[in-house]
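Colleague: I have a structure I would like to understand better, so I am pasting it below and will then ask my questions one at a time.
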Amino acid sequence: MTTKMPSKGLPVIQAKDIKESRLSLTADAVVVGSGAGGAIAAYKLAAAGKKVIVLEAGPYVPSEQFSEMLAVGMDQLYQDHGGQTNLNKDITILQGACVGGSTVVNATVCFRTPEYYLKLWAKEYGLTNLTLKTLTPYFEEVETNLSIKPRTATESSPCADKLAEGCEKADIPWKPSRRNVKQCVMTGACLSGCIPDRKQSMLVTYLPWAVAKGATIYSDTRVVQVTEEKGKVTGIKAEVIDQTSGDKKTDMEIKAPIVVLAAGAIQTPLILQRSNVANSSGQVGKNFACHPSLSVVGHFPGLNQNFYGAWHSLYVDKFTLPDDGGYILLNGIQDPVEATLNTERGTGKPFMGYILESKDYVRFISLIHDRNHGEVLWEDGVKKVKYDMHPEDFPAMIEGMRKAIKVLFAAGAKKIFMPTSHKLEINDPSEVDEVLGSLKNEIARYRYVSYHPQGTCRMGADPANSVVNPYGESHDVKGLYVTDASLLPTSIGYNPQETVYTLSSYIADRIVDGFSK
Amino acid sequence: MSSGGNSNDKPVNGKLYGRRNFLKISGLLLGYTGLSSLTVIEAFAASHAQDAPAPAKIIHLTQSEQDVFVHLIKAALPVEGTKLPSPEKAAVLQTLDKALLAGMEPHLLAELKGGIAFFDAGPKAAYGGKHFTQLSLEEARRFCDEWADADAVEKRGIVMGLKKLVGLAYWSNPITWPHLGYVGPISKRTNIPSLGNAPMPTV
């Protein structure tokens, strides 16, 4: 079935549209989550003629209602209003929680999955099917569909240009980013949603395409149980929630022979744990990684950058693979609100003076490839993310900051502000070793942000140590699939959105093949 | 998407807060923490009003908790000698109350309240028995900086978190931005056209 695609916006059934207290539906496939993993699976299944229902726990926020104000965007579009953290709560874990998921609020950074990891996954987890040759057509497909390409020369920012200058002087190779954007107008507001719909998020691509092929989208609907019978999935149970009051409005049940979980690497394992299914391996929720990041900020008196531009446009990946260092450096525009969060300048006048000079700052982000040592748990009726910076990962963060500082000083920074709980600055390159040498791996000492939770339902050939098989299907429950970043057997060190798009495309094609058999 | 509640932790009962709870409290405040869009816009609108309205009543904080925040705001957000709007004009306390605490789940709010009490009592040993609210502004600033570099995790966490809250509530108000040379959101102001939905894929 093909219907006319809306030129703008989406027909989403929201809590306010539902009058019934109980709703029973049937479908060929239920897709749980509308972000990178869910939207692509939904489109491919709908395009194959299947009746598809997409469920999104977050609200539907049309792009004209975005704010371009970070603090407001966090409340509007993010999981736990931007307050999601690890159990010790010193790592903010950002995930989109709206129709379109994290693709609505990410920085548009795209990387193909490095072959290093494909080979590692084949060797360690039996994923011999995920070769570069097999996946290349999928990379090409999503790159075409999402306009993923190297950014243009003008698609940058004064801060990124300054970092490029520093990289060249420090003899550290930088690269222009590949982004999923069309005609970027460089509002600098990627993280609070793109009002003019230039970012090619799921909100303006695969979701409207899925709708055009007959898919139905429900927002405000959180899945509480995956149902199964005799080892085959039978559907889901969900609750439609009034986002304003938090009250349950409707109990929903959907019967379907295919369930695709794509709720993100924190929510997907929680759904499985709450359902008490698909966990004969005991691995559901384990192996959590999140690419923790820290920002160092350089002071360039008189820079007078204007807070606008492509939010992200430059990176350094010479040191990204584990044997090369295990960290990637990424630029990111820092607006005044973010400036209040990323570093510490002391209390009172030093802080106010710092923010007043926001136009003179350049931020460089160090993001690390981390060990999959964390765990996501549903315990006593609440979620818990047990993860702290691993002592063996901390040195990579230090080295990442060392390189970032080197670039900032080479670019002409007069001072570096560090992302610590206490005031810590570096006034001269000669101080770097002493300052970095003084830093210890301590809880609540740093201002960590994670943008990439992953790994909690890992893919593998061995049912004893993985949750889903090499084609994304549960080892235990036939017809139950996972297509989000939960799949990744290891952290990949690079922004994972293109990897998720690709794996979702690959798995969805296998599901469609299964229907035809 | 969510599968359950928005909280990570169990409710705290009673008023005795052990070290473990301080960890939770401190961490609670470390997130980026969004401001409820409707209420923050209300608060911002009030701060823009030509005829200053009567300050909105604070609902979610007791008087003693308000006193802690008011003192922290004075210590952390001095505007003397600048053209910056005062924290009162920027409706910092109202923004905190209406845009942040109002949407907080009850057990998290209870933890926050425990954290505020812990913070207020923090200076007693080193500052002659004084509570935070009794410190001079210079002492209050020194106390905050000492706790930010303390050995105790919970001290670092709570002071970092409370300062983030008041900083965020102040600087997220658009009336502060002109002083930074920041003009804020531009898409609507400059009528940047939307590209709408992408055409159906060909591959």
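If you're wondering about the labels, chains in the structure tokens are A, B, ... by order shown, residues count from 1 in each chain, ligands from 1 in order shown.
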I'd like the neighbourhood of stretch 127-138 of chain B as a list in words, where a residue qualifies if any of its atoms comes within 8 Å (using only C-alpha atoms), though same-chain residues fewer than 6 positions away should be ignored.
Modeller: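 Counting only C-alpha atoms, the residues come to Asp67, Val68, His71, Lys74, Ala75, Phe119, Asp120 and Ala121 of chain B.
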Colleague: If you measure from atom CA of A:Gln283 to atom CA of A:Ile258, what distance in Å do you get, rounded to one decimal?
Modeller: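 Atom-to-atom, atom CA of A:Gln283 and atom CA of A:Ile258 are spaced 21.8 Å apart.
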Colleague: Choose the residue, out of A:Ile40, A:Ile18, A:Val477, A:Ile271, that has the smallest atom-to-atom separation from A:Glu228; count only C-alpha atoms.
Modeller: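 So, comparing all the options, the nearest one is A:Val477.
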Colleague: Can you work out the spacing between atom CA of A:Thr456 and atom CA of A:Lys232 in Å, to one decimal?
Modeller: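 Between atom CA of A:Thr456 and atom CA of A:Lys232 the gap works out to 21.6 Å.
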Colleague: Report, in Å to a single decimal, how far apart atom CA of A:Pro269 and atom CA of A:Gln225 are.
Modeller: 11.3 Å
Colleague: Excluding same-chain residues fewer than 5 positions from A:Lys213, what lies within 8 Å of it counting only C-alpha atoms, as a PDB file with C-alpha atoms, in the first residue's frame?
Modeller:
```
ATOM      1  CA  MET A   1       0.000   0.000   0.000  1.00  0.00           C
ATOM      2  CA  THR A   2       1.308   3.416  -0.892  1.00  0.00           C
ATOM      3  CA  THR A   3      -0.332   6.603   0.260  1.00  0.00           C
ATOM      4  CA  TYR A  43      10.109   1.518   6.264  1.00  0.00           C
ATOM      5  CA  ALA A  46       6.146  -1.499   5.114  1.00  0.00           C
ATOM      6  CA  ALA A  47       7.706  -1.198   1.668  1.00  0.00           C
ATOM      7  CA  GLY A  49       3.793  -4.723   1.903  1.00  0.00           C
TER       8      GLY A  49
END
```
Colleague: Which residues in stretch 229-424 of chain A does DSSP call alpha helix (DSSP H)? List them as a VMD selection string.
Modeller: chain A and resid 267 to 275 336 to 342 349 to 356 394 to 410
Colleague: With a distance cut-off of 12 Å and only C-alpha atoms, select the neighbouring residues of A:Glu165, excluding the residue or stretch itself and same-chain residues fewer than 5 positions from it, and output the selection as a ChimeraX atom specification.
Modeller: /A:158-160,170-175,314,406-413
Colleague: Any chance you can output those residues with C-alpha atoms as an mmCIF file, in the first residue's frame?
Modeller:
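Saved to out_39.cif:
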```cif
data_model
loop_
_atom_site.group_PDB
_atom_site.id
_atom_site.type_symbol
_atom_site.label_atom_id
_atom_site.label_comp_id
_atom_site.auth_asym_id
_atom_site.auth_seq_id
_atom_site.Cartn_x
_atom_site.Cartn_y
_atom_site.Cartn_z
ATOM 1 C CA PRO A 158 34.840 29.764 13.425
ATOM 2 C CA CYS A 159 35.726 27.316 16.201
ATOM 3 C CA ALA A 160 36.270 24.420 13.817
ATOM 4 C CA ALA A 170 50.648 20.657 15.647
ATOM 5 C CA ASP A 171 51.031 18.251 12.722
ATOM 6 C CA ILE A 172 47.939 16.329 13.731
ATOM 7 C CA PRO A 173 45.801 15.393 10.721
ATOM 8 C CA TRP A 174 42.187 16.570 10.846
ATOM 9 C CA LYS A 175 39.344 15.589 8.563
ATOM 10 C CA LEU A 314 35.866 18.461 12.082
ATOM 11 C CA LYS A 406 48.085 20.500 22.171
ATOM 12 C CA VAL A 407 45.889 21.510 19.248
ATOM 13 C CA LEU A 408 44.279 24.355 21.187
ATOM 14 C CA PHE A 409 47.632 25.791 22.249
ATOM 15 C CA ALA A 410 48.985 25.393 18.715
ATOM 16 C CA ALA A 411 45.970 27.342 17.474
ATOM 17 C CA GLY A 412 46.866 30.179 19.804
ATOM 18 C CA ALA A 413 44.863 29.500 22.962
#
```
Colleague: Just want the 8 Å neighbourhood of A:Gly101, counted on only C-alpha atoms, with same-chain residues fewer than 2 positions away dropped. Output as a PyMOL selection string.
Modeller: (chain A and resi 33-36+95-99+103-105+202) or (chain B and resi 1)
Colleague: Let me see the file: selected residues, C-alpha atoms, as a PDB file, in the first residue's frame.
Modeller:
```
ATOM      1  CA  GLY A  33      11.237   2.792  18.847  1.00  0.00           C
ATOM      2  CA  SER A  34      11.307   5.314  16.004  1.00  0.00           C
ATOM      3  CA  GLY A  35      14.971   6.303  15.917  1.00  0.00           C
ATOM      4  CA  ALA A  36      17.818   5.091  13.740  1.00  0.00           C
ATOM      5  CA  GLN A  95      19.431   9.956  24.172  1.00  0.00           C
ATOM      6  CA  GLY A  96      16.604  11.338  22.118  1.00  0.00           C
ATOM      7  CA  ALA A  97      13.149  10.428  23.465  1.00  0.00           C
ATOM      8  CA  CYS A  98      10.757  11.657  20.821  1.00  0.00           C
ATOM      9  CA  VAL A  99       9.461  10.526  17.452  1.00  0.00           C
ATOM     10  CA  THR A 103      18.486  11.160  15.122  1.00  0.00           C
ATOM     11  CA  VAL A 104      16.462  14.305  15.870  1.00  0.00           C
ATOM     12  CA  VAL A 105      19.035  15.657  18.328  1.00  0.00           C
ATOM     13  CA  MET A 202      14.307   9.873  10.763  1.00  0.00           C
TER      14      MET A 202
ATOM     15  CA  MET B   1      12.127   5.653  23.996  1.00  0.00           C
TER      16      MET B   1
END
```
Colleague: Go through B:Asn197, B:Thr176, B:Thr95, B:Thr190 one by one, measure the shortest atom-to-atom distance of each to B:Lys83 using only C-alpha atoms, and give the residue with the smallest value.
Modeller: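 Distance minimum relative to B:Lys83 lands on B:Thr176.
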Colleague: Find, counting only C-alpha atoms, the residue in A:Val32, A:Met352, A:Ala212, A:Met5 that gets nearest to B:Leu84.
Modeller: A:Met352
Colleague: Would you mind listing what lies within 12 Å of A:Phe417 as a PyMOL selection string, with only C-alpha atoms counted and same-chain residues fewer than 5 positions away left out?
Modeller: chain A and resi 294-300+339+342-346+351+354+361-364+401+404-405+408-409+422-428+432+435
Colleague: Select, from A:Arg458, A:Lys89, A:Arg510, A:His390, the residue with the minimum atom-to-atom distance to A:Leu127, counting only C-alpha atoms.
Modeller: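 Ranking A:Arg458, A:Lys89, A:Arg510, A:His390 by distance to A:Leu127, first place goes to A:Arg458.
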Colleague: With distances taken over only C-alpha atoms, which of B:Asn191, B:Ala148, B:Ile158, B:Thr62 is nearest to chain A?
Modeller: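 Ranking B:Asn191, B:Ala148, B:Ile158, B:Thr62 by distance to chain A, first place goes to B:Ala148.
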Colleague: Find the residue from A:Lys248, A:Lys440, A:Arg151, A:Arg222 that sits nearest to chain B; use only C-alpha atoms when measuring.
Modeller: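 So, comparing all the options, the nearest one is A:Arg222.
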Colleague: Would you pick out the contacts of B:Trp147 at 8 Å or less, using only C-alpha atoms, so that residues sharing its chain but fewer than 6 positions from it are not included, and give the list as a PyMOL selection string?
Modeller: chain B and resi 155-156+159
